[in-house]
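Worksheet: one structure, shown below.
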Amino acid sequence: MKRIDKVAVLGAGTMGARIAAHLANAGLPSYLLDRVVPDADGPARNGIAAQGLEGAVKSKPAAFFEPSLSKLITIGNFDDNLKWVAECDWVIEAIVEDLEIKRSLLKKVEAVRRPGTIITTNTSGLPVCKIAEGFSEDFRRNWFGTHFFNPPRYMRLLELIPTPDSDRAAMNAIAQFCDLRLGKGIVWAKDTPNFIGNRIGTFSVLNVMRLMQEMDLTIEEVDALTGQAVGWPKSATFRTIDLVGLDILGHVVGNMQANVRDERSDLKLPDFYRRMLDRKLLGDKTKAGFYKKQKGPEGDQRLAIDWKTLEYHPRKKASFANLEMAKNVESTPERLKMLLAPAKGDKAAQFLWSALSDLWTYAANRIPEISDTIVEIDRAMKLGFNWELGPFELWDAAGVSATVERMKKEGKPVAANVERLLASGATTWYQDAPKARSGKAYFDLANASYKEVQVPEGVWSVSVAEKSNGVVKKNAGASLVDLGDGVGCIAFHSKMNAIGGDIVQLITETLKPGSKTGANFDAFVITNDAVNFSVGANIMLLLMSVQEQEWDDIDFMIRGFQGMTQAIKFSPKPVVVAPFGMALGGGCEVALHAPVRQPHAELYMGLVEVGVGLLPGGGGCKEMTLRAVDAANTIRKDGRGESVEIMEAMKRTFETVAMAKVSTSANEARNLGFLLNGDEIVMNRERVLADAKDRALEMAHSGYRAPVPRTDVPAPGESILATLKLGVHLMRQGEYISDHDQKVGNKVAEVLCGGAVSPGTPVTEQYLLDLEREAFKSLCGEKKTQERIAFTLKTGKPLRN
C-alpha cells in the first residue's frame with residue numbers, strides 16, 4: 001500500500017492551516033502554501049501562509065498537541081514554491097470554494113506533480129468530479145474528495161468521496177493512513193451536494209429553527225432541548241453555530257439550496273438569521289452571535305439573543321418539567337422515550353417529537369441518494385457532529401414500530417424505506433451480532449435483510465468484547481471482561497467513572513497475588529468505553545464521612561485506595577492502563593501506577609486535588625517524587641541529593657501538583673511527567689482497546705517481572721522543601737494565593753520532598769505513602785477544604801477561599 005511520508009496543503013485558511021497542524025500532530029512534515037503577497041519581496045511573499053500558520057498556533061481550542069510541532073510545517077506560496085508538490089505523496093487542496101479558481105490552481109499542480117501522487121479536495125459542497133473534469137487520466141485516477149470537519153484535530157469524521165475514475169487502491173491508502181495516523185473515522189460518501197454529514201446536519205438545524213419560530217420558543221429553550229438531553233453535544237444548536245460561524249453555516253445552506261431539490265427544499269434560513277449576517281453577528285469570531293459574553297460585577301456573564309428583536313438579555317434557564325426529570329436518567333435511549341412521551345401541553349415533548357420524526361423521515365429518504373446504507377449516515381453524524389446516537393440509532397431507541405404508527409395517526413409523511421423495513425418483519429434498524437467484529441448488524445435496504453456492520457481490524461470496544469466473550473465479574477462500579485487470548489479488562493462504569501469502593505474492590509481483588517478472580521488471565525488492561533477515563537475519586541462519599549467526622553472510615557478509605565494503586569503497580573501479571581479524555585485525580589493515579597500506559601492522543605490528565613483543598617492521596621505524590629528523582633538521576637555517591645538537577649526536577653513536579661496542571665494532549669501529559677517515554681500514544685480512539693491488549697500480551701509473552709517496592713528512595717529533603725515553601729510564601733505575599741492555598745501548597749511540598757529530612761536520606765515507598773495519607777487526612781479536617789469540596793460538588797467549579 002502506498003506510503004504517505006510528506007504532504008502539501010494548498011490553502012492556508014482556517015481549514016488548510018489546521019489540517020497541516022493535525023498532520024504535524026501525527027509527526028508528518030508538510031508544506032503549507034497560499035497566494036503570494038502582491039509586490040512583496042523575500043519571506044514577506046509568504047505572508048498569507050505565515051498568517052494562516054500563526055492563526056493555527058494561536059487557535060483555541062489548540063490545533064497542535066504542543067506548539068513546538070508547528071516546526072514540521074514549511075510555509076510558501078503558489079508562485080515560488082508549487083514545485084515542492086513534486087516531493088509529496090499526497091496533496092490536499094483547501095482553497096476558496098470557487099470551481100474555476102480551484103481548477104486553475106490544480107492545472108498548475110498537474111504540471112509539477114509526480115505521476116501517482118494522490119491529489120484530494122477538501123471542498124464541502126462543489127461536485128468533486130467536476131473539479132478535475134478534463135484532467136489527465138493519471139490525475140483523475142488519483143483524485144477524490146477528503147472532507148475534513150472543523151476543527152480537524154477534534155472532529156473525527158473524514159468523508160471520502162470517490163468519482164467514477166478514482167482508483168480504489170489510492171483511496172484505501174488514504175483511508176488507512178487517516179485512520180491509523182490521524183485518528184479519523186472514515187465514512188465513504190457519494191458525490192452529492194454537502195455529502196452526508198452536512199446534508200443531514202443542515203436539514204436538522206433548519207428544521208429546528210422553523211419549529212422554534214412556529215412554537216414560539218427561545219434560543220435558550222431550544223439549546224436545552226437539543227443538547228445532552230437527546231445525546232447531542234452540550235453546545236446544542238445555537239452555541240454550536242456560534243462556534244462554527246453563522247457565515248459558514250450560511251454558506252453550507254446556500255450551497256444546499258442552489259444544488260438540492262428534495263422533499264424538504266422548502267426549508268430556508270429564517271429572516272432573523274439573515275439580519276444577524278447583515279449585522280455581522282457571526283458568533284465567536286465577532287464576539288457576538290446567538291450568545292455573547294459581557295463583563296459584569298461578578299465576572300463574565302453570558303447573554304442570549306432574542307431572535308424576534310435581535311436584542312441581548314441575560315441568559316435564562318429553560319424551564320421544562322419533563323426535561324428536569326429526564327436529567328436523572330443515565331441512559332440516552334431511556335431518556336429519549338421519556339422525553340417523547342406525548343403529554344397535553346408539553347411543549348418540550350411536542351418540539352422533540354416534531355424535530356426527531358422529521359429527521360428520521362428525511363434521513364431514511366436519503367438512501368440510496370447520499371449513502372447506500374444507514375451505517376454511513378449514523379457514523380457521519382456521530383463522528384462529525386458528536387452525536388451519541390445517529391438518526392437510525394435514535395429511531396431504534398424511540399421504537400420504530402410505535403413511532404411510525406404515531407406518524408401515520410398524525411398524518412405525517414412516512415418514508416418508503418421504513419415501510420420496507422417493517423414489511424420484511426423486522427422492527428429495528430440494528431440488531432446484536434455477537435460474532436461480528438463490530439458486535440452488530442444493520443438492516444440492508446438493498447436486500448431487505450440484516451448484514452454485519454463492517455469495521456477495520458483493530459477497531460474494537462469493551463461492549464463488543466462483553467457480548468462476544470462475556471463478563472467474569474461485575475459490581476456497581478466496574479466489570480472484569482474477558483478480552484480473549486488470556487487478557488482481562490477492568491472497565492469502570494460508575495457515574496462519570498468516579499472511583500468509589502466498588503472499583504477499588506474489583507481492581508484490588510483481581511490484581512493481588514494469588515487472586516482467584518484474575519487466575520485465568522495472563523495480563524490485564526484497565527480502560528472503558530466512556531467519553532472520559534475517570535474524573536477521579538468519589539469526593540461526595542469523602543465529604544459525607546468528613547462531615548460525620550468518621551476519621552477511621554476516612555483512613556480506611558485512603559488505605560484502600562492506596563492498596564488498589566499498589567496492586568496495579570506490583571501485580572505479578574502485566575497491567576496496561578489505557579486512559580483517554582479526562583483522567584483526573586484518582587483516575588490519573590490509577591494510570592501513574594501501571595508499568596505501561598497506552599493513552600489516546602486526546603488526554604486531559606492531571607492531579608487536580610488541590611482544587612478542592614486536598615492533595616493526591618492514592619500514591620500520586622509518591623509516584624511524582626519517584627519520577628522526579630529518577631529523571632534527575634544525579635544522586636551523589638555519598639547519598640546526598642542536593643544537585644541542581646534534582647532541584648529543577650522537584651520544582652517542575654511541585655508546580656505540576658500544586659497548580660493542578662492538566663495536560664491538553666497526551667504529548668503534554670508526557671512533558672508534565674504523567675506519561676513515560678515508553679508509553680505509546682494511540683491516535684484513533686476506536687483502536688485504544690485493541691492496541692492496549694496487544695501491548696499487554698507482548699509484555700506477558702516476553703516474561704514480564706513485576707517491580708519490587710523500593711526501599712532506598714533518596715528523599716529530596718529539607719533544603720528543597722525550604723526552597724519550595726519560600727516560593728509558596730512569596731506567592732502569598734504577592735496576593736496571588738489565599739492563606740488556605742498556602743497551607744495546601746506547603747503540605748504538597750512536605751509530601752513530595754519526603755518531609756524535613758536530610759537530603760538524600762533513603763526512604764521507602766511505604767514511608768512516602770504514609771506521609772501522603774496523613775497529609776490528606778489533615779487537610780480533610782480543614783473547614784476551608786470542606787467548603788471547597790462542597791462548592792465544587794454543587795457547581796462543578798473551584799472555590800477560592
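By convention in this document, the chains of the C-alpha cells carry letters A, B, ... by their order, each chain's residues are numbered from 1, and ligands are numbered from 1 in the order they are shown.
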
Hey, could you make a per-residue contact list for range 357-461 of chain A against range 185-200 of chain A with 12 Å as the cut-off, showing the nearest pair of atoms and its distance in Å to one decimal, counting only C-alpha atoms, sorted by chain and number, as a tab-separated table?
```
residue	atom	partner	partner_atom	distance
A:Asp358	CA	A:Ile200	CA	11.1
A:Leu359	CA	A:Ile200	CA	8.0
A:Trp360	CA	A:Ile200	CA	10.0
A:Thr361	CA	A:Ile200	CA	11.0
A:Tyr362	CA	A:Ile200	CA	7.9
A:Ala363	CA	A:Ile200	CA	6.7
A:Ala364	CA	A:Ile200	CA	10.5
A:Asn365	CA	A:Ile200	CA	10.9
A:Arg366	CA	A:Ile200	CA	8.9
A:Ile367	CA	A:Ile196	CA	10.6
A:Pro368	CA	A:Lys190	CA	9.5
A:Glu369	CA	A:Thr192	CA	7.8
A:Ile370	CA	A:Lys190	CA	5.5
A:Ser371	CA	A:Ala189	CA	6.1
A:Asp372	CA	A:Ala189	CA	8.8
A:Thr373	CA	A:Ala189	CA	10.4
A:Ile374	CA	A:Ile196	CA	10.9
A:Val375	CA	A:Val187	CA	9.0
A:Glu376	CA	A:Val187	CA	5.8
A:Ile377	CA	A:Ile196	CA	6.4
A:Asp378	CA	A:Gly197	CA	9.1
A:Arg379	CA	A:Val187	CA	7.0
A:Ala380	CA	A:Gly197	CA	5.2
A:Met381	CA	A:Gly197	CA	5.7
A:Lys382	CA	A:Gly197	CA	9.1
A:Leu383	CA	A:Gly185	CA	6.7
A:Gly384	CA	A:Gly197	CA	6.5
A:Phe385	CA	A:Gly197	CA	7.7
A:Asn386	CA	A:Gly197	CA	11.0
A:Trp387	CA	A:Gly197	CA	11.3
A:Gly390	CA	A:Ile200	CA	10.5
A:Pro391	CA	A:Ile200	CA	9.2
A:Gln454	CA	A:Val187	CA	11.7
A:Val455	CA	A:Ile186	CA	10.0
A:Pro456	CA	A:Ile186	CA	10.0
A:Val459	CA	A:Gly185	CA	10.1
```

Next on the checklist: Write out as a PyMOL selection string the set of residues from range 433-486 of chain A that DSSP, computed on the backbone, places in strand (DSSP E or B).
Outcome noted: chain A and resi 440-444+449-452+471-474+478-482

Grab the residues selected above and save them as a short mmCIF file (atom, residue, chain, number, x, y, z; two decimals), in the first residue's frame with all heavy atoms.
```cif
data_model
loop_
_atom_site.label_atom_id
_atom_site.label_comp_id
_atom_site.auth_asym_id
_atom_site.auth_seq_id
_atom_site.Cartn_x
_atom_site.Cartn_y
_atom_site.Cartn_z
N LYS A 440 -22.51 -5.79 15.90
CA LYS A 440 -23.90 -5.53 15.49
C LYS A 440 -24.10 -5.70 13.99
O LYS A 440 -23.14 -5.69 13.20
CB LYS A 440 -24.36 -4.15 15.96
CG LYS A 440 -23.57 -2.97 15.44
CD LYS A 440 -24.11 -1.68 16.07
CE LYS A 440 -23.36 -0.47 15.53
NZ LYS A 440 -23.87 0.78 16.05
N ALA A 441 -25.38 -5.87 13.61
CA ALA A 441 -25.77 -5.97 12.20
C ALA A 441 -26.76 -4.85 11.92
O ALA A 441 -27.46 -4.39 12.81
CB ALA A 441 -26.40 -7.33 11.95
N TYR A 442 -26.82 -4.42 10.63
CA TYR A 442 -27.75 -3.36 10.24
C TYR A 442 -28.72 -3.92 9.19
O TYR A 442 -28.42 -4.90 8.51
CB TYR A 442 -26.99 -2.16 9.66
CG TYR A 442 -26.34 -2.44 8.31
CD1 TYR A 442 -26.98 -2.11 7.12
CD2 TYR A 442 -25.09 -3.06 8.23
CE1 TYR A 442 -26.40 -2.37 5.90
CE2 TYR A 442 -24.50 -3.34 7.01
CZ TYR A 442 -25.15 -3.00 5.84
OH TYR A 442 -24.58 -3.27 4.62
N PHE A 443 -29.87 -3.28 9.07
CA PHE A 443 -30.84 -3.69 8.06
C PHE A 443 -30.42 -3.09 6.73
O PHE A 443 -30.38 -1.87 6.57
CB PHE A 443 -32.25 -3.22 8.44
CG PHE A 443 -33.31 -3.76 7.52
CD1 PHE A 443 -33.78 -5.06 7.67
CD2 PHE A 443 -33.81 -2.98 6.48
CE1 PHE A 443 -34.75 -5.57 6.81
CE2 PHE A 443 -34.78 -3.48 5.62
CZ PHE A 443 -35.25 -4.78 5.78
N ASP A 444 -30.06 -3.96 5.78
CA ASP A 444 -29.61 -3.52 4.47
C ASP A 444 -30.83 -3.36 3.56
O ASP A 444 -31.47 -4.35 3.20
CB ASP A 444 -28.63 -4.55 3.90
CG ASP A 444 -28.10 -4.12 2.54
OD1 ASP A 444 -28.03 -2.90 2.31
OD2 ASP A 444 -27.76 -4.99 1.72
N SER A 449 -32.50 -7.38 4.33
CA SER A 449 -32.04 -8.37 5.31
C SER A 449 -30.91 -7.75 6.13
O SER A 449 -30.36 -6.70 5.76
CB SER A 449 -31.52 -9.63 4.60
OG SER A 449 -30.42 -9.28 3.77
N TYR A 450 -30.58 -8.41 7.24
CA TYR A 450 -29.52 -7.87 8.11
C TYR A 450 -28.14 -8.29 7.62
O TYR A 450 -27.94 -9.43 7.18
CB TYR A 450 -29.72 -8.35 9.55
CG TYR A 450 -30.86 -7.64 10.25
CD1 TYR A 450 -32.11 -8.23 10.36
CD2 TYR A 450 -30.69 -6.37 10.78
CE1 TYR A 450 -33.18 -7.58 10.99
CE2 TYR A 450 -31.74 -5.71 11.42
CZ TYR A 450 -32.97 -6.31 11.51
OH TYR A 450 -34.01 -5.67 12.12
N LYS A 451 -27.18 -7.34 7.71
CA LYS A 451 -25.79 -7.61 7.35
C LYS A 451 -24.89 -7.12 8.47
O LYS A 451 -25.22 -6.12 9.13
CB LYS A 451 -25.42 -6.83 6.07
CG LYS A 451 -25.75 -7.53 4.78
CD LYS A 451 -25.11 -6.72 3.65
CE LYS A 451 -25.34 -7.39 2.31
NZ LYS A 451 -24.80 -6.56 1.21
N GLU A 452 -23.75 -7.78 8.65
CA GLU A 452 -22.80 -7.34 9.69
C GLU A 452 -22.31 -5.92 9.39
O GLU A 452 -22.01 -5.60 8.25
CB GLU A 452 -21.58 -8.26 9.72
CG GLU A 452 -21.80 -9.55 10.46
CD GLU A 452 -20.51 -10.38 10.55
OE1 GLU A 452 -19.42 -9.81 10.33
OE2 GLU A 452 -20.63 -11.59 10.82
N VAL A 471 -18.62 -11.48 30.66
CA VAL A 471 -18.13 -10.77 31.85
C VAL A 471 -17.82 -11.79 32.92
O VAL A 471 -18.65 -12.65 33.24
CB VAL A 471 -19.21 -9.77 32.36
CG1 VAL A 471 -18.76 -9.08 33.63
CG2 VAL A 471 -19.52 -8.74 31.27
N VAL A 472 -16.62 -11.70 33.49
CA VAL A 472 -16.18 -12.67 34.51
C VAL A 472 -16.74 -12.28 35.88
O VAL A 472 -17.20 -13.12 36.65
CB VAL A 472 -14.64 -12.74 34.55
CG1 VAL A 472 -14.15 -13.67 35.65
CG2 VAL A 472 -14.10 -13.18 33.20
N LYS A 473 -16.68 -10.98 36.17
CA LYS A 473 -17.17 -10.50 37.47
C LYS A 473 -17.64 -9.06 37.30
O LYS A 473 -17.07 -8.30 36.52
CB LYS A 473 -16.04 -10.58 38.51
CG LYS A 473 -16.50 -10.23 39.91
CD LYS A 473 -15.69 -10.92 40.98
CE LYS A 473 -16.41 -10.78 42.32
NZ LYS A 473 -15.84 -11.58 43.36
N LYS A 474 -18.65 -8.68 38.05
CA LYS A 474 -19.21 -7.33 37.89
C LYS A 474 -19.76 -6.83 39.21
O LYS A 474 -20.32 -7.61 39.99
CB LYS A 474 -20.33 -7.38 36.84
CG LYS A 474 -20.95 -6.03 36.51
CD LYS A 474 -21.93 -6.15 35.36
CE LYS A 474 -22.42 -4.78 34.92
NZ LYS A 474 -23.22 -4.83 33.70
N ALA A 478 -17.69 -1.41 38.39
CA ALA A 478 -16.72 -1.91 37.40
C ALA A 478 -17.03 -3.35 37.02
O ALA A 478 -17.76 -4.05 37.72
CB ALA A 478 -15.30 -1.81 37.97
N SER A 479 -16.45 -3.77 35.89
CA SER A 479 -16.59 -5.16 35.42
C SER A 479 -15.23 -5.70 35.02
O SER A 479 -14.37 -4.94 34.55
CB SER A 479 -17.49 -5.22 34.18
OG SER A 479 -18.78 -4.76 34.47
N LEU A 480 -15.05 -7.00 35.18
CA LEU A 480 -13.89 -7.69 34.64
C LEU A 480 -14.37 -8.43 33.39
O LEU A 480 -15.18 -9.35 33.48
CB LEU A 480 -13.29 -8.66 35.67
CG LEU A 480 -12.14 -9.54 35.16
CD1 LEU A 480 -10.96 -8.70 34.68
CD2 LEU A 480 -11.67 -10.51 36.26
N VAL A 481 -13.90 -7.98 32.22
CA VAL A 481 -14.37 -8.51 30.93
C VAL A 481 -13.26 -9.36 30.31
O VAL A 481 -12.08 -8.97 30.34
CB VAL A 481 -14.75 -7.34 29.98
CG1 VAL A 481 -15.20 -7.86 28.62
CG2 VAL A 481 -15.83 -6.47 30.61
N ASP A 482 -13.64 -10.49 29.74
CA ASP A 482 -12.68 -11.36 29.05
C ASP A 482 -12.43 -10.80 27.64
O ASP A 482 -13.35 -10.71 26.84
CB ASP A 482 -13.27 -12.78 28.97
CG ASP A 482 -12.27 -13.79 28.40
OD1 ASP A 482 -11.19 -13.36 27.94
OD2 ASP A 482 -12.59 -14.99 28.41
#
```

Next on the checklist: What parts of range 86-195 of chain A does DSSP call alpha helix (DSSP H)? I'd like the answer as a VMD selection string.
Outcome noted: chain A and resid 99 to 112 128 to 131 137 to 141 168 to 180

So that I can check the surroundings of Cys588 in chain A, please list as a tab-separated table (two decimals) with N, CA and C atoms, in the first residue's frame every protein, DNA and RNA residue that reaches within 7 Å of it, counting only C-alpha atoms and ignoring chain neighbours fewer than 5 positions away.
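This went into out_31.tsv:
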```
chain	number	residue	atom	x	y	z
A	583	ALA	N	-8.61	12.17	32.61
A	583	ALA	CA	-8.08	11.21	33.58
A	583	ALA	C	-7.55	12.07	34.73
A	605	MET	N	-5.08	14.99	31.38
A	605	MET	CA	-4.66	14.25	32.57
A	605	MET	C	-4.03	15.18	33.59
A	606	GLY	N	-4.38	14.99	34.86
A	606	GLY	CA	-3.78	15.84	35.88
A	606	GLY	C	-4.16	15.42	37.28
A	607	LEU	N	-3.29	15.78	38.23
A	607	LEU	CA	-3.57	15.58	39.66
A	607	LEU	C	-4.18	16.89	40.15
```

Next on the checklist: If we count only C-alpha atoms and set the cut-off at 10 Å, which residues sit around Arg652 in chain A, ignoring sequence neighbours fewer than 5 positions away in its own chain? Please answer as a list in words.
Outcome noted: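 Non-adjacent residues within range: Ala628, Ile646, Met647, Val657, Ala658, Leu672 and Gly673 of chain A.
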
Item to check | Atomic distance CA of Ala304 in chain A - CA of Leu246 in chain A, expressed in Å with one decimal | outcome: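 These two atoms are separated by 15.0 Å.
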
Checklist outcome for this item: Correct to one decimal, the distance CA of Leu445 in chain A-CA of Leu267 in chain A is 27.2 Å

Item to check | Residues within 6 Å of range 181-183 of chain A, only C-alpha atoms, excluding chain neighbours under 4 positions, as a ChimeraX atom specification | outcome: /A:26,177,683-684

Kindly save the residues from that selection, with N, CA and C atoms included, as a PDB file, in the first residue's frame.
```
ATOM      1  N   ALA A  26       0.565  14.229  13.951  1.00  0.00           N
ATOM      2  CA  ALA A  26       0.876  12.824  13.632  1.00  0.00           C
ATOM      3  C   ALA A  26       2.364  12.643  13.333  1.00  0.00           C
ATOM      4  N   PHE A 177      -4.250   5.490   6.181  1.00  0.00           N
ATOM      5  CA  PHE A 177      -3.359   6.487   6.770  1.00  0.00           C
ATOM      6  C   PHE A 177      -4.126   7.396   7.735  1.00  0.00           C
ATOM      7  N   MET A 683      -3.561   7.273  18.139  1.00  0.00           N
ATOM      8  CA  MET A 683      -4.263   8.423  17.548  1.00  0.00           C
ATOM      9  C   MET A 683      -5.766   8.190  17.429  1.00  0.00           C
ATOM     10  N   ASN A 684      -6.173   6.943  17.180  1.00  0.00           N
ATOM     11  CA  ASN A 684      -7.592   6.674  16.944  1.00  0.00           C
ATOM     12  C   ASN A 684      -8.244   6.109  18.200  1.00  0.00           C
TER      13      ASN A 684
END
```

Next on the checklist: Report, in Å with one decimal, the straight-line distance from CA of Arg18 in chain A to CA of Val57 in chain A.
Outcome noted: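 Calculated distance between CA of Arg18 in chain A and CA of Val57 in chain A is 8.9 Å.
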
Checklist outcome for this item: Judged by only C-alpha atoms, the minimum distance to Gly399 in chain A among A:Ala426, A:Val546, A:Ala756, A:Ala62 is found for A:Ala426

Checklist entry - Which residue gives the smallest distance to Leu799 in chain A among A:Ser59, A:Gln294, A:Asn46, A:Ser738, with only C-alpha atoms counted? => result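 For Leu799 in chain A, the nearest of the candidates is A:Ser738.
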
Next on the checklist: When you look at range 231-239 of chain A with a cut-off of 6 Å (counting only C-alpha atoms), what residues show up, excluding the ones that are within fewer than 5 positions of it in the same chain? I need them as JSON, numbers by chain.
Outcome noted: {"A": [223, 226, 387, 388]}

Next on the checklist: Set the distance at 12 Å and use only C-alpha atoms: which residues neighbour Met1 in chain A once local chain neighbours fewer than 3 positions away are removed? I'd like the list as a PyMOL selection string.
Outcome noted: chain A and resi 4+168-177

Residue subset to file, keeping all heavy atoms, as a short mmCIF file (atom, residue, chain, number, x, y, z; two decimals), in the first residue's frame:
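File produced: part-v9.cif:
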```cif
data_model
loop_
_atom_site.label_atom_id
_atom_site.label_comp_id
_atom_site.auth_asym_id
_atom_site.auth_seq_id
_atom_site.Cartn_x
_atom_site.Cartn_y
_atom_site.Cartn_z
N ILE A 4 2.55 7.29 2.88
CA ILE A 4 2.40 8.76 2.92
C ILE A 4 3.45 9.29 3.89
O ILE A 4 3.36 9.08 5.09
CB ILE A 4 0.98 9.17 3.40
CG1 ILE A 4 -0.12 8.47 2.59
CG2 ILE A 4 0.82 10.69 3.36
CD1 ILE A 4 -0.20 8.84 1.12
N ARG A 168 -9.48 2.80 -6.40
CA ARG A 168 -9.83 2.36 -5.03
C ARG A 168 -8.58 2.13 -4.18
O ARG A 168 -8.59 2.39 -2.97
CB ARG A 168 -10.67 1.07 -5.13
CG ARG A 168 -11.33 0.65 -3.82
CD ARG A 168 -12.40 1.64 -3.40
NE ARG A 168 -12.99 1.27 -2.12
CZ ARG A 168 -14.25 1.50 -1.78
NH1 ARG A 168 -15.06 2.12 -2.60
NH2 ARG A 168 -14.71 1.15 -0.60
N ALA A 169 -7.49 1.68 -4.79
CA ALA A 169 -6.26 1.43 -4.02
C ALA A 169 -5.71 2.74 -3.43
O ALA A 169 -5.26 2.78 -2.29
CB ALA A 169 -5.21 0.76 -4.90
N ALA A 170 -5.77 3.81 -4.22
CA ALA A 170 -5.31 5.13 -3.72
C ALA A 170 -6.21 5.60 -2.58
O ALA A 170 -5.72 6.11 -1.56
CB ALA A 170 -5.32 6.15 -4.86
N MET A 171 -7.51 5.39 -2.73
CA MET A 171 -8.45 5.80 -1.67
C MET A 171 -8.23 4.97 -0.40
O MET A 171 -8.27 5.50 0.71
CB MET A 171 -9.89 5.66 -2.16
CG MET A 171 -10.23 6.62 -3.29
SD MET A 171 -12.01 6.69 -3.62
CE MET A 171 -12.60 7.68 -2.24
N ASN A 172 -7.99 3.67 -0.58
CA ASN A 172 -7.74 2.80 0.59
C ASN A 172 -6.47 3.23 1.33
O ASN A 172 -6.41 3.16 2.55
CB ASN A 172 -7.63 1.34 0.16
CG ASN A 172 -8.98 0.74 -0.20
OD1 ASN A 172 -10.01 1.27 0.21
ND2 ASN A 172 -8.99 -0.33 -0.96
N ALA A 173 -5.45 3.66 0.56
CA ALA A 173 -4.19 4.11 1.19
C ALA A 173 -4.45 5.32 2.08
O ALA A 173 -3.95 5.40 3.21
CB ALA A 173 -3.16 4.44 0.12
N ILE A 174 -5.25 6.28 1.58
CA ILE A 174 -5.57 7.47 2.36
C ILE A 174 -6.47 7.11 3.55
O ILE A 174 -6.30 7.62 4.67
CB ILE A 174 -6.21 8.57 1.48
CG1 ILE A 174 -5.20 9.09 0.45
CG2 ILE A 174 -6.76 9.71 2.32
CD1 ILE A 174 -3.95 9.74 1.02
N ALA A 175 -7.43 6.21 3.31
CA ALA A 175 -8.34 5.79 4.39
C ALA A 175 -7.53 5.17 5.53
O ALA A 175 -7.74 5.51 6.70
CB ALA A 175 -9.36 4.79 3.86
N GLN A 176 -6.60 4.28 5.20
CA GLN A 176 -5.80 3.61 6.23
C GLN A 176 -4.88 4.60 6.95
O GLN A 176 -4.77 4.59 8.17
CB GLN A 176 -4.98 2.48 5.63
CG GLN A 176 -4.28 1.65 6.70
CD GLN A 176 -3.42 0.55 6.14
OE1 GLN A 176 -2.74 0.73 5.14
NE2 GLN A 176 -3.43 -0.60 6.78
N PHE A 177 -4.25 5.49 6.18
CA PHE A 177 -3.36 6.49 6.77
C PHE A 177 -4.13 7.40 7.74
O PHE A 177 -3.68 7.67 8.86
CB PHE A 177 -2.71 7.33 5.66
CG PHE A 177 -1.93 8.51 6.18
CD1 PHE A 177 -0.63 8.35 6.63
CD2 PHE A 177 -2.50 9.77 6.24
CE1 PHE A 177 0.08 9.44 7.14
CE2 PHE A 177 -1.81 10.86 6.74
CZ PHE A 177 -0.50 10.69 7.19
#
```

Checklist entry - Taking only C-alpha atoms into account, which of A:Asn633, A:Thr117, A:Ser354, A:Asn81 comes nearest Arg3 in chain A? => result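 That would be A:Thr117, the residue with the smallest distance to Arg3 in chain A.
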
Per residue of range 475-586 of chain A within 8 Å of range 592-596 of chain A, note the shortest atom pair and the distance in Å to one decimal, counting only C-alpha atoms, and order the rows by chain and increasing residue number, as CSV.
```
residue,atom,partner,partner_atom,distance
A:Thr565,CA,A:His593,CA,6.0
A:Gln566,CA,A:His593,CA,7.1
A:Ile568,CA,A:Ala594,CA,5.8
A:Lys569,CA,A:His593,CA,4.9
A:Pro574,CA,A:Pro595,CA,7.2
A:Val575,CA,A:Ala594,CA,6.0
A:Val576,CA,A:Val596,CA,5.2
A:Val577,CA,A:Ala594,CA,6.2
```
